[in-house]
Every structure is written in structure tokens, then in C-alpha cells.
Amino acid sequence: MQYQGTFKIGLKENFRYNWFISNRRMIVTSVVVFALILLLNAFLGFIYQRVESFGAGILAYLPYALGGAVLIYLFSLLFMYMRLRTLYKKKQLDPFEQKIIINREGVHGASAKGDIDLPFNKIGMIRESGTDFVIFVTDTHAYVLPKNQMKNPSEDSETIRKILRKYMDASKLRIKG
């Protein structure tokens, strides 16, 4: 059993990859901002007698804290997109094609940036989202397989899952089904 595909990696795919690896950090940052806004405002509101109690302050400032957390998350996404877009405009990043073969021996990738033969035991993790498969070689180096560029996304995705389940360590898989 084997899967073979060619993918064009551009700004959109690069953004999804960066979002994929940064999402957890952005959520943690948003939670911290939420907690800081909520607790500091509730505490200060209680101290300066703008609210009757600390609990009333929490209820009163909950919308502000939620708004702040959402804003910090959206700003993070916006800045990530702007940074990537600037890199593409300055030609520091260019769109490229990558050819991927997944078979019983591992993942074989070829692009203008170089070739790699990666046995399954050397892969850090493989994650599947609704739009992509991301094969992590290291924490910062990965191959993205956009499902919307597959010839038949549902069949190809199932073929990839079958190969991965058969040959890859299950603890390194985060795939659907």
C-alpha cells in the first residue's frame, strides 16, 4: 500500500501550518490575558468600591475579560498572517512544490529545498486537522499535506490513515477515525 501526491505550498498552507503549531500557545496566552483582566479588575473594583464584592466584580468584568482574550487571539492571528505575507512579498519565502510518498518504509519527500527519506521511527508526530495532514520531523520542521490538493481527498485521506496506523507508533499519531 502506498500514497503519492504533489502539493503546492504557498502562503495559505504556510499560514495553516504556523497556526497549527502556534494555536496552543495563542490559547494559553488568551487564557492568561482573560484571567489577568478578570481578576485584576474584580480585585480593584472591590478595593475601590466600584462593586459590592469580589464575586460581583468577577461577574461585572467577565465580558471585558472575554473580549480581551478574544482580541489577543485575533491580533496574534493577524500578526502571524501579516508576518508571513511580508516574507512572501520580500521573497524571503517562496511557494514551492513538494512530492510526498508514504509507504511501508516511511515518508519520502522531495522539493526544491531538498529531499528526505524519513523512516516512521524518526517521525516526531503526525497530526490531522480538517484541512491538512502535518508530518512533524522536528518541532519546527514539518511537511504539510493539504487535503484540498489531493486528487480524491476522502479516499486519499483514508489511504494515508491506513498506512500510518499499520506502520507508525500509535502514540505519535493524532489522526481522525
# chains A, B, ... in the order shown; residues from 1 in each chain; ligands from 1
call {"tool": "residues_around", "arguments": {"residues": "region 126-139 of chain A", "least_positions_apart": "5", "cutoff": "6 Å", "atoms": "only C-alpha atoms", "output": "ChimeraX atom specification"}}
result
/A:144-147,173-175
call {"tool": "residues_around", "arguments": {"residues": "Ile58 (chain A)", "least_positions_apart": "4", "cutoff": "12 Å", "atoms": "only C-alpha atoms", "output": "PDB file with N, CA, C and O atoms, in the first residue's frame"}}
result
ATOM      1  N   PHE A  34      -7.176  36.654  29.810  1.00  0.00           N
ATOM      2  CA  PHE A  34      -8.522  36.582  30.384  1.00  0.00           C
ATOM      3  C   PHE A  34      -8.462  36.620  31.907  1.00  0.00           C
ATOM      4  O   PHE A  34      -9.151  37.415  32.557  1.00  0.00           O
ATOM      5  N   ALA A  35      -7.611  35.773  32.496  1.00  0.00           N
ATOM      6  CA  ALA A  35      -7.507  35.696  33.956  1.00  0.00           C
ATOM      7  C   ALA A  35      -6.993  37.006  34.544  1.00  0.00           C
ATOM      8  O   ALA A  35      -7.520  37.482  35.560  1.00  0.00           O
ATOM      9  N   LEU A  36      -5.992  37.596  33.908  1.00  0.00           N
ATOM     10  CA  LEU A  36      -5.451  38.858  34.427  1.00  0.00           C
ATOM     11  C   LEU A  36      -6.478  39.980  34.383  1.00  0.00           C
ATOM     12  O   LEU A  36      -6.655  40.710  35.373  1.00  0.00           O
ATOM     13  N   ILE A  37      -7.146  40.128  33.263  1.00  0.00           N
ATOM     14  CA  ILE A  37      -8.158  41.182  33.157  1.00  0.00           C
ATOM     15  C   ILE A  37      -9.255  40.958  34.184  1.00  0.00           C
ATOM     16  O   ILE A  37      -9.658  41.884  34.898  1.00  0.00           O
ATOM     17  N   LEU A  38      -9.739  39.731  34.259  1.00  0.00           N
ATOM     18  CA  LEU A  38     -10.842  39.427  35.160  1.00  0.00           C
ATOM     19  C   LEU A  38     -10.460  39.632  36.626  1.00  0.00           C
ATOM     20  O   LEU A  38     -11.142  40.357  37.364  1.00  0.00           O
ATOM     21  N   LEU A  39      -9.381  39.016  37.038  1.00  0.00           N
ATOM     22  CA  LEU A  39      -9.015  39.070  38.458  1.00  0.00           C
ATOM     23  C   LEU A  39      -8.552  40.461  38.893  1.00  0.00           C
ATOM     24  O   LEU A  39      -8.935  40.926  39.974  1.00  0.00           O
ATOM     25  N   LEU A  40      -7.750  41.115  38.069  1.00  0.00           N
ATOM     26  CA  LEU A  40      -7.293  42.459  38.451  1.00  0.00           C
ATOM     27  C   LEU A  40      -8.441  43.459  38.510  1.00  0.00           C
ATOM     28  O   LEU A  40      -8.536  44.251  39.459  1.00  0.00           O
ATOM     29  N   ASN A  41      -9.321  43.414  37.532  1.00  0.00           N
ATOM     30  CA  ASN A  41     -10.450  44.343  37.556  1.00  0.00           C
ATOM     31  C   ASN A  41     -11.416  44.036  38.696  1.00  0.00           C
ATOM     32  O   ASN A  41     -11.929  44.952  39.344  1.00  0.00           O
ATOM     33  N   ALA A  42     -11.663  42.762  38.943  1.00  0.00           N
ATOM     34  CA  ALA A  42     -12.556  42.394  40.045  1.00  0.00           C
ATOM     35  C   ALA A  42     -11.950  42.821  41.382  1.00  0.00           C
ATOM     36  O   ALA A  42     -12.639  43.385  42.244  1.00  0.00           O
ATOM     37  N   PHE A  43     -10.655  42.590  41.542  1.00  0.00           N
ATOM     38  CA  PHE A  43      -9.973  42.971  42.779  1.00  0.00           C
ATOM     39  C   PHE A  43      -9.969  44.493  42.958  1.00  0.00           C
ATOM     40  O   PHE A  43     -10.331  45.008  44.031  1.00  0.00           O
ATOM     41  N   LEU A  44      -9.563  45.199  41.918  1.00  0.00           N
ATOM     42  CA  LEU A  44      -9.514  46.660  42.022  1.00  0.00           C
ATOM     43  C   LEU A  44     -10.912  47.262  42.167  1.00  0.00           C
ATOM     44  O   LEU A  44     -11.101  48.241  42.904  1.00  0.00           O
ATOM     45  N   GLY A  45     -11.879  46.678  41.484  1.00  0.00           N
ATOM     46  CA  GLY A  45     -13.260  47.149  41.631  1.00  0.00           C
ATOM     47  C   GLY A  45     -13.763  46.977  43.053  1.00  0.00           C
ATOM     48  O   GLY A  45     -14.467  47.839  43.591  1.00  0.00           O
ATOM     49  N   PHE A  46     -13.404  45.874  43.686  1.00  0.00           N
ATOM     50  CA  PHE A  46     -13.798  45.633  45.066  1.00  0.00           C
ATOM     51  C   PHE A  46     -13.040  46.564  46.022  1.00  0.00           C
ATOM     52  O   PHE A  46     -13.641  47.161  46.925  1.00  0.00           O
ATOM     53  N   ARG A  50     -16.162  49.920  43.603  1.00  0.00           N
ATOM     54  CA  ARG A  50     -16.989  50.056  42.399  1.00  0.00           C
ATOM     55  C   ARG A  50     -17.980  48.898  42.300  1.00  0.00           C
ATOM     56  O   ARG A  50     -18.958  48.985  41.576  1.00  0.00           O
ATOM     57  N   VAL A  51     -17.672  47.802  43.010  1.00  0.00           N
ATOM     58  CA  VAL A  51     -18.577  46.648  43.080  1.00  0.00           C
ATOM     59  C   VAL A  51     -18.728  46.249  44.540  1.00  0.00           C
ATOM     60  O   VAL A  51     -17.893  46.566  45.380  1.00  0.00           O
ATOM     61  N   GLU A  52     -19.823  45.551  44.836  1.00  0.00           N
ATOM     62  CA  GLU A  52     -20.130  45.200  46.227  1.00  0.00           C
ATOM     63  C   GLU A  52     -19.206  44.132  46.804  1.00  0.00           C
ATOM     64  O   GLU A  52     -18.890  44.152  47.994  1.00  0.00           O
ATOM     65  N   SER A  53     -18.799  43.167  45.965  1.00  0.00           N
ATOM     66  CA  SER A  53     -17.944  42.080  46.450  1.00  0.00           C
ATOM     67  C   SER A  53     -17.021  41.642  45.317  1.00  0.00           C
ATOM     68  O   SER A  53     -17.215  42.017  44.158  1.00  0.00           O
ATOM     69  N   PHE A  54     -16.057  40.817  45.674  1.00  0.00           N
ATOM     70  CA  PHE A  54     -15.129  40.289  44.672  1.00  0.00           C
ATOM     71  C   PHE A  54     -15.892  39.447  43.640  1.00  0.00           C
ATOM     72  O   PHE A  54     -15.650  39.537  42.444  1.00  0.00           O
ATOM     73  N   LEU A  62     -16.515  40.069  33.599  1.00  0.00           N
ATOM     74  CA  LEU A  62     -16.419  38.887  32.744  1.00  0.00           C
ATOM     75  C   LEU A  62     -16.463  39.236  31.251  1.00  0.00           C
ATOM     76  O   LEU A  62     -15.634  38.750  30.480  1.00  0.00           O
ATOM     77  N   PRO A  63     -17.388  40.101  30.795  1.00  0.00           N
ATOM     78  CA  PRO A  63     -17.398  40.438  29.358  1.00  0.00           C
ATOM     79  C   PRO A  63     -16.104  41.121  28.894  1.00  0.00           C
ATOM     80  O   PRO A  63     -15.633  40.868  27.788  1.00  0.00           O
ATOM     81  N   TYR A  64     -15.526  41.973  29.732  1.00  0.00           N
ATOM     82  CA  TYR A  64     -14.281  42.656  29.370  1.00  0.00           C
ATOM     83  C   TYR A  64     -13.137  41.648  29.245  1.00  0.00           C
ATOM     84  O   TYR A  64     -12.323  41.731  28.320  1.00  0.00           O
ATOM     85  N   ALA A  65     -13.073  40.722  30.170  1.00  0.00           N
ATOM     86  CA  ALA A  65     -12.024  39.712  30.143  1.00  0.00           C
ATOM     87  C   ALA A  65     -12.173  38.812  28.911  1.00  0.00           C
ATOM     88  O   ALA A  65     -11.185  38.496  28.236  1.00  0.00           O
ATOM     89  N   LEU A  66     -13.400  38.424  28.616  1.00  0.00           N
ATOM     90  CA  LEU A  66     -13.651  37.596  27.437  1.00  0.00           C
ATOM     91  C   LEU A  66     -13.286  38.356  26.167  1.00  0.00           C
ATOM     92  O   LEU A  66     -12.636  37.815  25.271  1.00  0.00           O
TER      93      LEU A  66
END
call {"tool": "residues_around", "arguments": {"residues": "region 72-83 of chain A", "least_positions_apart": "5", "cutoff": "10 Å", "atoms": "only C-alpha atoms", "output": "VMD selection string"}}
result
chain A and resid 11 to 12 14 to 16 18 to 19 22 to 23 25 to 31 33 to 34 67 88 to 89
call {"tool": "closest_residue", "arguments": {"among": "A:Lys90, A:Lys8, A:His141, A:Lys162", "to": "Ser111 (chain A)", "atoms": "only C-alpha atoms"}}
result
A:Lys8
call {"tool": "closest_residue", "arguments": {"among": "A:Gln149, A:Gln49, A:Gln98, A:Asn103", "to": "Lys166 (chain A)", "atoms": "only C-alpha atoms"}}
result
A:Asn103
call {"tool": "select_by_dssp", "arguments": {"residues": "region 18-165 of chain A", "states": "strand (DSSP E or B)", "output": "number ranges by chain"}}
result
A: 96-103, 106-111, 114-118, 125-128, 132-136, 142-146
call {"tool": "atom_distance", "arguments": {"atom1": "CA of Leu118 (chain A)", "atom2": "CA of Leu87 (chain A)"}}
result
28.3 Å
call {"tool": "closest_residue", "arguments": {"among": "A:Tyr48, A:Tyr143, A:Tyr61, A:Phe20", "to": "Ile101 (chain A)", "atoms": "only C-alpha atoms"}}
result
A:Tyr143
call {"tool": "residues_around", "arguments": {"residues": "Tyr3 (chain A)", "least_positions_apart": "4", "cutoff": "10 Å", "atoms": "only C-alpha atoms", "output": "NGL selection string"}}
result
:A and (100-103 or 107 or 156-157 or 159-160 or 163)
call {"tool": "atom_distance", "arguments": {"atom1": "CA of Met1 (chain A)", "atom2": "CA of Gly114 (chain A)"}}
result
24.9 Å
call {"tool": "closest_residue", "arguments": {"among": "A:Glu97, A:Tyr17, A:Thr6, A:Glu155", "to": "Thr140 (chain A)", "atoms": "only C-alpha atoms"}}
result
A:Tyr17
